[in-house]
file coords-v7.txt (compact mmCIF, C-alpha atoms)
# COMPACT_ATOMS: atom_id res chain seq x y z
CA MET F 1 61.74 128.38 133.70
CA ILE F 2 63.20 128.34 137.17
CA ASN F 3 64.53 124.93 138.08
CA ASN F 4 64.39 124.25 141.75
CA ALA F 5 67.59 122.41 142.49
CA ILE F 6 68.59 120.79 145.75
CA HIS F 7 72.18 120.52 146.84
CA TYR F 8 72.93 118.97 150.20
CA SER F 9 76.33 118.32 151.66
CA GLY F 10 76.59 117.05 155.21
CA THR F 11 75.84 114.28 157.64
CA ILE F 12 73.11 111.73 156.98
CA SER F 13 70.62 110.54 159.59
CA SER F 14 66.96 109.62 159.82
CA GLN F 15 66.14 113.25 160.63
CA ILE F 16 68.11 114.60 157.66
CA THR F 17 66.44 112.03 155.40
CA LEU F 18 63.01 113.21 156.51
CA HIS F 19 63.92 116.85 155.78
CA LEU F 20 65.35 115.90 152.38
CA THR F 21 62.15 114.00 151.63
CA ASP F 22 60.06 117.11 152.34
CA MET F 23 62.42 119.26 150.25
CA LEU F 24 62.34 116.80 147.36
CA THR F 25 58.56 116.63 147.35
CA ALA F 26 58.30 120.43 147.38
CA ALA F 27 60.92 120.87 144.65
CA ALA F 28 59.31 118.20 142.47
CA HIS F 29 55.91 119.89 142.77
CA ALA F 30 57.46 123.27 141.98
CA ASN F 31 59.45 121.97 139.02
CA PHE F 32 57.02 119.61 137.40
CA GLY F 33 53.54 120.57 138.61
CA LYS F 34 50.92 117.86 138.69
CA ARG F 35 52.28 114.67 137.13
CA SER F 36 51.15 111.13 137.74
CA ASP F 37 54.78 110.00 138.04
CA LEU F 38 55.88 112.60 140.59
CA LYS F 39 56.17 109.99 143.32
CA LYS F 40 58.26 107.84 141.01
CA LEU F 41 60.74 110.68 140.44
CA CYS F 42 61.03 111.34 144.18
CA SER F 43 61.33 107.62 144.94
CA ILE F 44 64.47 107.35 142.82
CA ALA F 45 66.20 110.03 144.88
CA LEU F 46 64.89 108.56 148.12
CA GLU F 47 66.24 105.10 147.29
CA LEU F 48 69.70 106.60 146.75
CA ILE F 49 69.48 108.51 150.03
CA ASP F 50 68.27 105.36 151.81
CA ASN F 51 71.28 103.47 150.44
CA ALA F 52 73.63 106.21 151.61
CA GLN F 53 72.11 106.28 155.09
CA ARG F 54 72.31 102.51 155.39
CA TYR F 55 75.86 102.07 154.14
CA CYS F 56 77.60 105.41 154.83
CA ARG F 57 80.74 104.69 156.85
CA ALA F 58 82.60 107.95 157.27
CA GLY F 59 81.95 111.63 156.74
CA GLY F 60 78.71 112.71 155.18
CA ILE F 61 76.98 112.63 151.84
CA LEU F 62 76.76 114.92 148.88
CA PHE F 63 73.34 114.94 147.23
CA ASP F 64 72.25 116.78 144.09
CA TRP F 65 68.83 117.05 142.42
CA LYS F 66 68.65 119.25 139.36
CA VAL F 67 66.91 119.61 135.99
CA GLU F 68 69.20 119.84 132.96
CA GLU F 69 68.02 120.02 129.34
CA GLY F 70 64.68 118.41 130.06
CA LYS F 71 66.13 115.68 132.22
CA LEU F 72 66.16 115.15 135.97
CA VAL F 73 69.67 114.45 137.20
CA ILE F 74 70.19 112.93 140.63
CA GLN F 75 73.63 112.34 142.07
CA LEU F 76 74.71 111.01 145.42
CA GLN F 77 78.21 110.58 146.85
CA ASN F 78 79.08 108.79 150.06
CA ILE F 79 81.79 106.73 151.70
CA ALA F 80 81.04 103.02 152.21
CA SER F 81 83.00 99.97 153.24
CA LYS F 82 85.05 98.41 150.45
CA GLU F 83 82.79 95.34 150.52
CA ASP F 84 79.54 97.33 150.27
CA ALA F 85 80.92 99.64 147.58
CA ILE F 86 82.10 96.80 145.37
CA ARG F 87 78.77 94.99 145.82
CA LEU F 88 76.88 98.15 144.83
CA LYS F 89 79.09 98.67 141.77
CA GLU F 90 78.86 95.05 140.64
CA SER F 91 75.10 94.79 141.10
CA THR F 92 74.54 98.08 139.25
CA ASP F 93 76.75 96.95 136.36
CA ILE F 94 74.70 93.75 136.11
CA ILE F 95 71.42 95.69 136.17
CA LYS F 96 72.67 98.03 133.42
CA LYS F 97 73.03 95.04 131.10
CA MET F 98 69.51 93.76 131.76
CA SER F 99 66.47 94.34 129.57
CA SER F 100 63.44 95.96 131.20
CA GLU F 101 61.75 92.53 131.34
CA GLU F 102 64.78 91.03 133.10
CA ILE F 103 64.84 93.93 135.57
CA THR F 104 61.18 93.38 136.40
CA LEU F 105 61.73 89.64 136.89
CA ALA F 106 64.81 90.25 139.06
CA PHE F 107 62.86 92.77 141.15
CA LYS F 108 60.02 90.33 141.74
CA ALA F 109 62.43 87.51 142.62
CA GLN F 110 64.25 89.73 145.10
CA LEU F 111 60.95 90.92 146.58
CA MET F 112 59.89 87.32 147.17
CA ASP F 113 63.22 86.44 148.81
CA PRO F 114 62.47 86.91 152.53
CA GLU F 115 66.12 87.54 153.44
CA PHE F 116 67.30 91.03 154.38
CA GLY F 117 70.95 92.10 154.38
CA GLU F 118 73.07 92.56 157.51
CA LYS F 119 72.41 96.31 157.42
CA GLY F 120 68.70 95.91 156.82
CA GLY F 121 68.82 96.38 153.06
CA ALA F 122 66.35 94.49 150.89
CA GLY F 123 68.61 94.30 147.82
CA LEU F 124 65.92 96.12 145.87
CA GLY F 125 67.07 99.76 145.72
CA MET F 126 68.95 99.81 142.42
CA LEU F 127 66.46 97.42 140.80
CA GLN F 128 63.64 99.68 141.93
CA ILE F 129 65.40 102.68 140.37
CA ALA F 130 66.20 100.84 137.14
CA ARG F 131 62.66 99.57 136.65
CA LYS F 132 61.29 103.11 136.83
CA GLY F 133 62.45 103.82 133.29
CA VAL F 134 65.60 105.86 133.86
CA ASP F 135 67.85 106.87 130.92
CA ASN F 136 71.12 106.28 132.75
CA ILE F 137 72.10 104.70 136.00
CA ASP F 138 75.71 104.47 137.00
CA VAL F 139 77.88 103.90 140.06
CA ASN F 140 81.56 104.78 140.21
CA ILE F 141 83.71 103.77 143.13
CA SER F 142 87.29 104.60 144.11
CA PRO F 143 89.46 103.83 147.16
CA PHE F 144 89.07 106.41 149.94
CA ASP F 145 91.34 104.82 152.55
CA GLU F 146 92.43 101.30 153.44
CA GLU F 147 88.94 100.13 154.45
CA ASN F 148 86.56 102.44 152.62
CA TYR F 149 85.60 103.46 149.13
CA ALA F 150 84.01 106.62 147.78
CA CYS F 151 80.79 105.84 145.90
CA ASN F 152 79.24 108.13 143.33
CA SER F 153 75.74 107.11 142.19
CA TYR F 154 74.25 108.91 139.20
CA VAL F 155 70.77 108.70 137.68
CA ARG F 156 69.35 110.60 134.68
CA ILE F 157 65.64 110.53 133.77
CA SER F 158 63.79 112.05 130.80
CA LEU F 159 60.93 114.30 131.78
CA SER F 160 58.91 114.06 128.57
CA MET C 1 40.73 90.63 173.11
CA PRO C 2 44.00 91.19 171.28
CA GLN C 3 44.80 94.58 169.85
CA LEU C 4 47.89 95.93 168.16
CA LYS C 5 48.18 99.69 168.09
CA LEU C 6 51.24 101.57 166.84
CA GLU C 7 51.12 105.32 166.34
CA SER C 8 52.43 106.52 162.99
CA THR C 9 55.70 108.41 162.87
CA LYS C 10 57.31 110.32 160.01
CA SER C 11 58.91 107.10 158.82
CA THR C 12 56.60 104.33 160.03
CA PRO C 13 52.91 103.77 159.33
CA GLY C 14 50.31 103.65 162.04
CA ILE C 15 48.88 100.23 162.79
CA LEU C 16 45.50 99.47 164.29
CA PHE C 17 44.54 95.82 164.46
CA ASP C 18 41.57 95.31 166.76
CA THR C 19 39.96 91.90 166.93
CA ASP C 20 37.02 93.28 168.99
CA SER C 21 35.89 95.84 166.45
CA GLY C 22 37.22 93.96 163.42
CA ILE C 23 39.19 97.04 162.35
CA TYR C 24 42.51 96.38 160.69
CA LYS C 25 44.33 99.42 159.31
CA VAL C 26 47.83 100.20 158.11
CA GLY C 27 48.31 103.87 157.24
CA GLY C 28 51.18 106.26 156.64
CA ILE C 29 54.59 106.63 155.07
CA ALA C 30 56.91 103.65 155.48
CA THR C 31 60.61 104.43 155.22
CA PRO C 32 62.15 102.91 158.39
CA LEU C 33 65.81 101.97 158.20
CA ASN C 34 64.99 98.63 159.80
CA ALA C 35 61.92 97.66 157.82
CA TYR C 36 62.44 93.98 158.56
CA GLU C 37 62.07 94.38 162.33
CA TYR C 38 59.09 96.72 161.99
CA PHE C 39 57.04 94.52 159.66
CA LYS C 40 58.20 91.20 161.14
CA ASN C 41 56.69 92.18 164.50
CA ILE C 42 53.37 93.00 162.82
CA ALA C 43 53.37 89.78 160.80
CA ASP C 44 54.17 87.80 163.96
CA TRP C 45 51.23 89.43 165.76
CA LEU C 46 48.92 88.33 162.94
CA LYS C 47 50.19 84.78 163.12
CA GLU C 48 49.86 84.65 166.91
CA ASN C 49 46.31 86.03 166.83
CA GLU C 50 45.05 84.37 163.68
CA ALA C 51 42.36 82.46 165.56
CA GLN C 52 40.82 85.73 166.81
CA ILE C 53 40.58 87.30 163.35
CA LEU C 54 37.17 86.44 162.01
CA SER C 55 36.03 85.81 158.49
CA GLY C 56 34.68 88.99 156.95
CA SER C 57 37.43 91.14 158.46
CA VAL C 58 38.66 93.98 156.25
CA PHE C 59 42.32 94.97 156.09
CA LYS C 60 42.79 98.55 154.87
CA PHE C 61 46.14 99.76 153.59
CA ASN C 62 46.76 103.43 152.97
CA LEU C 63 50.44 103.96 152.33
CA PRO C 64 51.23 107.23 150.54
CA TYR C 65 54.82 106.10 150.00
CA PHE C 66 57.15 103.29 151.03
CA ASN C 67 60.78 102.56 150.24
CA SER C 68 62.03 99.33 148.72
CA ALA C 69 63.03 97.85 152.09
CA SER C 70 59.46 98.40 153.29
CA ALA C 71 58.18 96.84 150.05
CA LYS C 72 59.90 93.66 151.20
CA GLY C 73 58.67 94.19 154.76
CA LEU C 74 55.10 94.46 153.49
CA MET C 75 55.58 91.08 151.85
CA LEU C 76 55.94 89.58 155.35
CA LEU C 77 52.65 91.12 156.41
CA LEU C 78 50.76 90.25 153.22
CA THR C 79 52.17 86.71 153.28
CA ALA C 80 50.68 86.31 156.76
CA LEU C 81 47.29 87.42 155.37
CA LYS C 82 47.66 84.97 152.50
CA ALA C 83 48.26 82.14 154.97
CA MET C 84 45.07 83.10 156.81
CA LEU C 85 43.11 83.03 153.54
CA GLU C 86 44.57 79.63 152.73
CA ASN C 87 43.50 78.43 156.19
CA GLY C 88 39.91 79.36 155.37
CA THR C 89 39.50 82.83 156.90
CA ILE C 90 37.72 85.05 154.42
CA LEU C 91 39.37 88.46 154.37
CA GLU C 92 38.92 91.59 152.33
CA ILE C 93 42.07 93.54 151.54
CA ILE C 94 41.69 97.12 150.31
CA TRP C 95 44.67 99.06 148.98
CA TYR C 96 43.83 102.78 148.97
CA VAL C 97 45.70 105.04 146.58
CA GLU C 98 45.51 108.70 145.66
CA PRO C 99 43.85 109.21 142.25
CA ALA C 100 46.27 108.54 139.37
CA ASP C 101 49.11 107.64 141.71
CA GLU C 102 51.08 105.39 139.33
CA PHE C 103 53.57 104.39 142.01
CA MET C 104 51.09 102.99 144.51
CA ILE C 105 48.69 101.52 141.95
CA GLU C 106 51.58 99.57 140.41
CA ALA C 107 52.72 98.43 143.86
CA GLY C 108 49.26 97.10 144.71
CA GLU C 109 49.06 95.31 141.38
CA MET C 110 52.47 93.75 141.95
CA TYR C 111 51.40 92.30 145.30
CA GLN C 112 48.21 91.00 143.69
CA GLU C 113 50.27 89.23 141.06
CA ILE C 114 53.16 87.94 143.17
CA LEU C 115 51.10 86.67 146.09
CA GLY C 116 47.90 85.90 144.22
CA LEU C 117 46.01 87.93 146.80
CA PRO C 118 42.54 89.38 146.16
CA ILE C 119 43.67 92.95 146.82
CA ARG C 120 41.08 95.57 145.86
CA ILE C 121 42.77 98.78 144.71
CA GLU C 122 40.61 101.81 145.42
CA GLU C 123 41.35 105.36 144.46
CA SER C 124 40.51 107.76 147.23
CA GLU C 125 41.16 111.46 147.87
CA GLU C 126 40.69 110.89 151.55
CA TYR C 127 43.31 109.70 153.91
CA ARG C 128 41.94 106.59 155.59
CA SER C 129 44.22 105.68 158.46
call {"tool": "encode", "arguments": {"input": "coords-v7.txt", "output": "structure tokens"}}
result
Amino acid sequence: MINNAIHYSGTISSQITLHLTDMLTAAAHANFGKRSDLKKLCSIALELIDNAQRYCRAGGILFDWKVEEGKLVIQLQNIASKEDAIRLKESTDIIKKMSSEEITLAFKAQLMDPEFGEKGGAGLGMLQIARKGVDNIDVNISPFDEENYACNSYVRISLS
Amino acid sequence: MPQLKLESTKSTPGILFDTDSGIYKVGGIATPLNAYEYFKNIADWLKENEAQILSGSVFKFNLPYFNSASAKGLMLLLTALKAMLENGTILEIIWYVEPADEFMIEAGEMYQEILGLPIRIEESEEYRS
């Protein structure tokens, strides 16, 4: 089986996001055919890209979409402010410890909270990804310079 | 009579709210970076023109995909519709989805549950913008 992978390294903008969305949709159709959860798989990648576009501070992003041993692996690297990176890491670590019921409740509570973040985020991205039944979700961060951190977000999903 | 018309773009849905014809449609992909501003303006229009929206009006949503920020933005819009229902205006809300589209069916059901809105989820092959 040919696995249609996507590897993108470069700047991030609304235009790039739109092109990546088209590429993702095409690759997902080519890889997986007709599945009722195709949109769910694409949405996970799109939430990561949306996060990167919203919080990317310097340089570009590195985005990977590939199928490995029956699993979809999505990875995204970007540079964010120290504050945003730590918030992303801490919130993801909290989500990882939640049960699926707790994730659903947290998602609904956040959806009902009318407040948006300073950069227009809804605080829902990682919860949305987690509630879609992923096997692994992880965020690693490390200092990039005095003000910024490198963020590496990683999601793995079974394709059974 | 008041009308709100926004053409769809690759990242924002088209909006047609026309109090003359009684047509109220939201259709297209919603992935704007500033979802709050986009949906707040639409919700504000509904609140400002509530008196012109007659009982029996039908609000049709056809959103092939929206990101999580737009999910919260849609809450602003649907909350405005809920307020109208609570004020006595009888509205029909139809949530069109592609057949077997788990993502959008689940989204419609979540809004039904969270807001207690009588949203009718209808599977449709056709795009109804």
call {"tool": "residues_around", "arguments": {"input": "coords-v7.txt", "residues": "Asp37 (chain F)", "least_positions_apart": "6", "cutoff": "12 Å", "atoms": "all atoms listed in the file", "output": "list in words"}}
result
Ala28, His29, Ser43, Ile44, Lys132, Gly133, Ile157, Ser158, Leu159 and Ser160 of chain F; Pro99, Ala100, Asp101, Glu102, Phe103, Met104, Ile105 and Glu106 of chain C
call {"tool": "closest_atom_pairs", "arguments": {"input": "coords-v7.txt", "of": "region 15-113 of chain F", "to": "region 56-70 of chain C", "cutoff": "12 Å", "atoms": "all atoms listed in the file", "output": "Markdown table"}}
result
| residue | atom | partner | partner_atom | distance |
| --- | --- | --- | --- | --- |
| F:Thr21 | CA | C:Tyr65 | CA | 10.9 |
| F:Thr25 | CA | C:Tyr65 | CA | 11.5 |
| F:Leu38 | CA | C:Tyr65 | CA | 11.5 |
| F:Lys39 | CA | C:Tyr65 | CA | 7.8 |
| F:Lys40 | CA | C:Tyr65 | CA | 9.8 |
| F:Cys42 | CA | C:Tyr65 | CA | 10.0 |
| F:Ser43 | CA | C:Asn67 | CA | 7.3 |
| F:Ile44 | CA | C:Asn67 | CA | 9.6 |
| F:Ala45 | CA | C:Asn67 | CA | 10.7 |
| F:Leu46 | CA | C:Asn67 | CA | 7.6 |
| F:Glu47 | CA | C:Asn67 | CA | 6.7 |
| F:Leu48 | CA | C:Asn67 | CA | 10.4 |
| F:Ile49 | CA | C:Asn67 | CA | 10.5 |
| F:Asp50 | CA | C:Asn67 | CA | 8.1 |
| F:Asn51 | CA | C:Ala69 | CA | 10.1 |
| F:Arg54 | CA | C:Ala69 | CA | 10.9 |
| F:Phe107 | CA | C:Ser68 | CA | 10.1 |
| F:Lys108 | CA | C:Ser68 | CA | 11.6 |
| F:Gln110 | CA | C:Ser68 | CA | 10.5 |
| F:Leu111 | CA | C:Ser68 | CA | 8.7 |
| F:Asp113 | CA | C:Ala69 | CA | 11.9 |
call {"tool": "interface_residues", "arguments": {"input": "coords-v7.txt", "of": "chain F", "to": "chain C", "cutoff": "6 Å", "atoms": "all atoms listed in the file", "output": "list in words"}}
result
Ser36, Lys40, Leu111, Gly120, Ala122, Leu124 and Gly125 of chain F
call {"tool": "write_last_selection", "arguments": {"input": "coords-v7.txt", "atoms": "C-alpha atoms", "output": "CSV table (one decimal), keeping the file's coordinate frame"}}
result
chain,number,residue,atom,x,y,z
F,36,SER,CA,51.2,111.1,137.7
F,40,LYS,CA,58.3,107.8,141.0
F,111,LEU,CA,61.0,90.9,146.6
F,120,GLY,CA,68.7,95.9,156.8
F,122,ALA,CA,66.4,94.5,150.9
F,124,LEU,CA,65.9,96.1,145.9
F,125,GLY,CA,67.1,99.8,145.7
call {"tool": "atom_distance", "arguments": {"input": "coords-v7.txt", "atom1": "CA of Ile79 (chain F)", "atom2": "CA of Ala52 (chain F)"}}
result
8.2 Å
call {"tool": "closest_residue", "arguments": {"input": "coords-v7.txt", "among": "F:Val155, F:Asp22, F:Ile12, F:Gly117", "to": "Asn78 (chain F)", "atoms": "only C-alpha atoms"}}
result
F:Ile12
call {"tool": "residues_around", "arguments": {"input": "coords-v7.txt", "residues": "Asn152 (chain F)", "least_positions_apart": "2", "cutoff": "12 Å", "atoms": "all atoms listed in the file", "output": "MDAnalysis selection string"}}
result
chainID F and resid 48:49 51:52 56 61:64 74:80 85:86 88:89 92 137:144 149:150 154:155
call {"tool": "atom_distance", "arguments": {"input": "coords-v7.txt", "atom1": "CA of Asn87 (chain C)", "atom2": "CA of Phe116 (chain F)"}}
result
27.0 Å
call {"tool": "closest_residue", "arguments": {"input": "coords-v7.txt", "among": "F:Leu105, F:Ala58, F:Met23, F:Ala5", "to": "Val73 (chain F)", "atoms": "all atoms listed in the file"}}
result
F:Ala5
call {"tool": "residues_around", "arguments": {"input": "coords-v7.txt", "residues": "Arg120 (chain C)", "least_positions_apart": "2", "cutoff": "9 Å", "atoms": "only C-alpha atoms", "output": "ChimeraX atom specification"}}
result
/C:92-96,108,112,118,122
call {"tool": "atom_distance", "arguments": {"input": "coords-v7.txt", "atom1": "CA of Ala107 (chain C)", "atom2": "CA of Ala43 (chain C)"}}
result
19.0 Å
call {"tool": "residues_around", "arguments": {"input": "coords-v7.txt", "residues": "Lys96 (chain F)", "least_positions_apart": "6", "cutoff": "10 Å", "atoms": "all atoms listed in the file", "output": "ChimeraX atom specification"}}
result
/F:90,103,126-127,130,136-138
call {"tool": "closest_residue", "arguments": {"input": "coords-v7.txt", "among": "F:Ala106, F:Asn4, F:Lys71, F:Pro114", "to": "Ala26 (chain F)", "atoms": "all atoms listed in the file"}}
result
F:Asn4
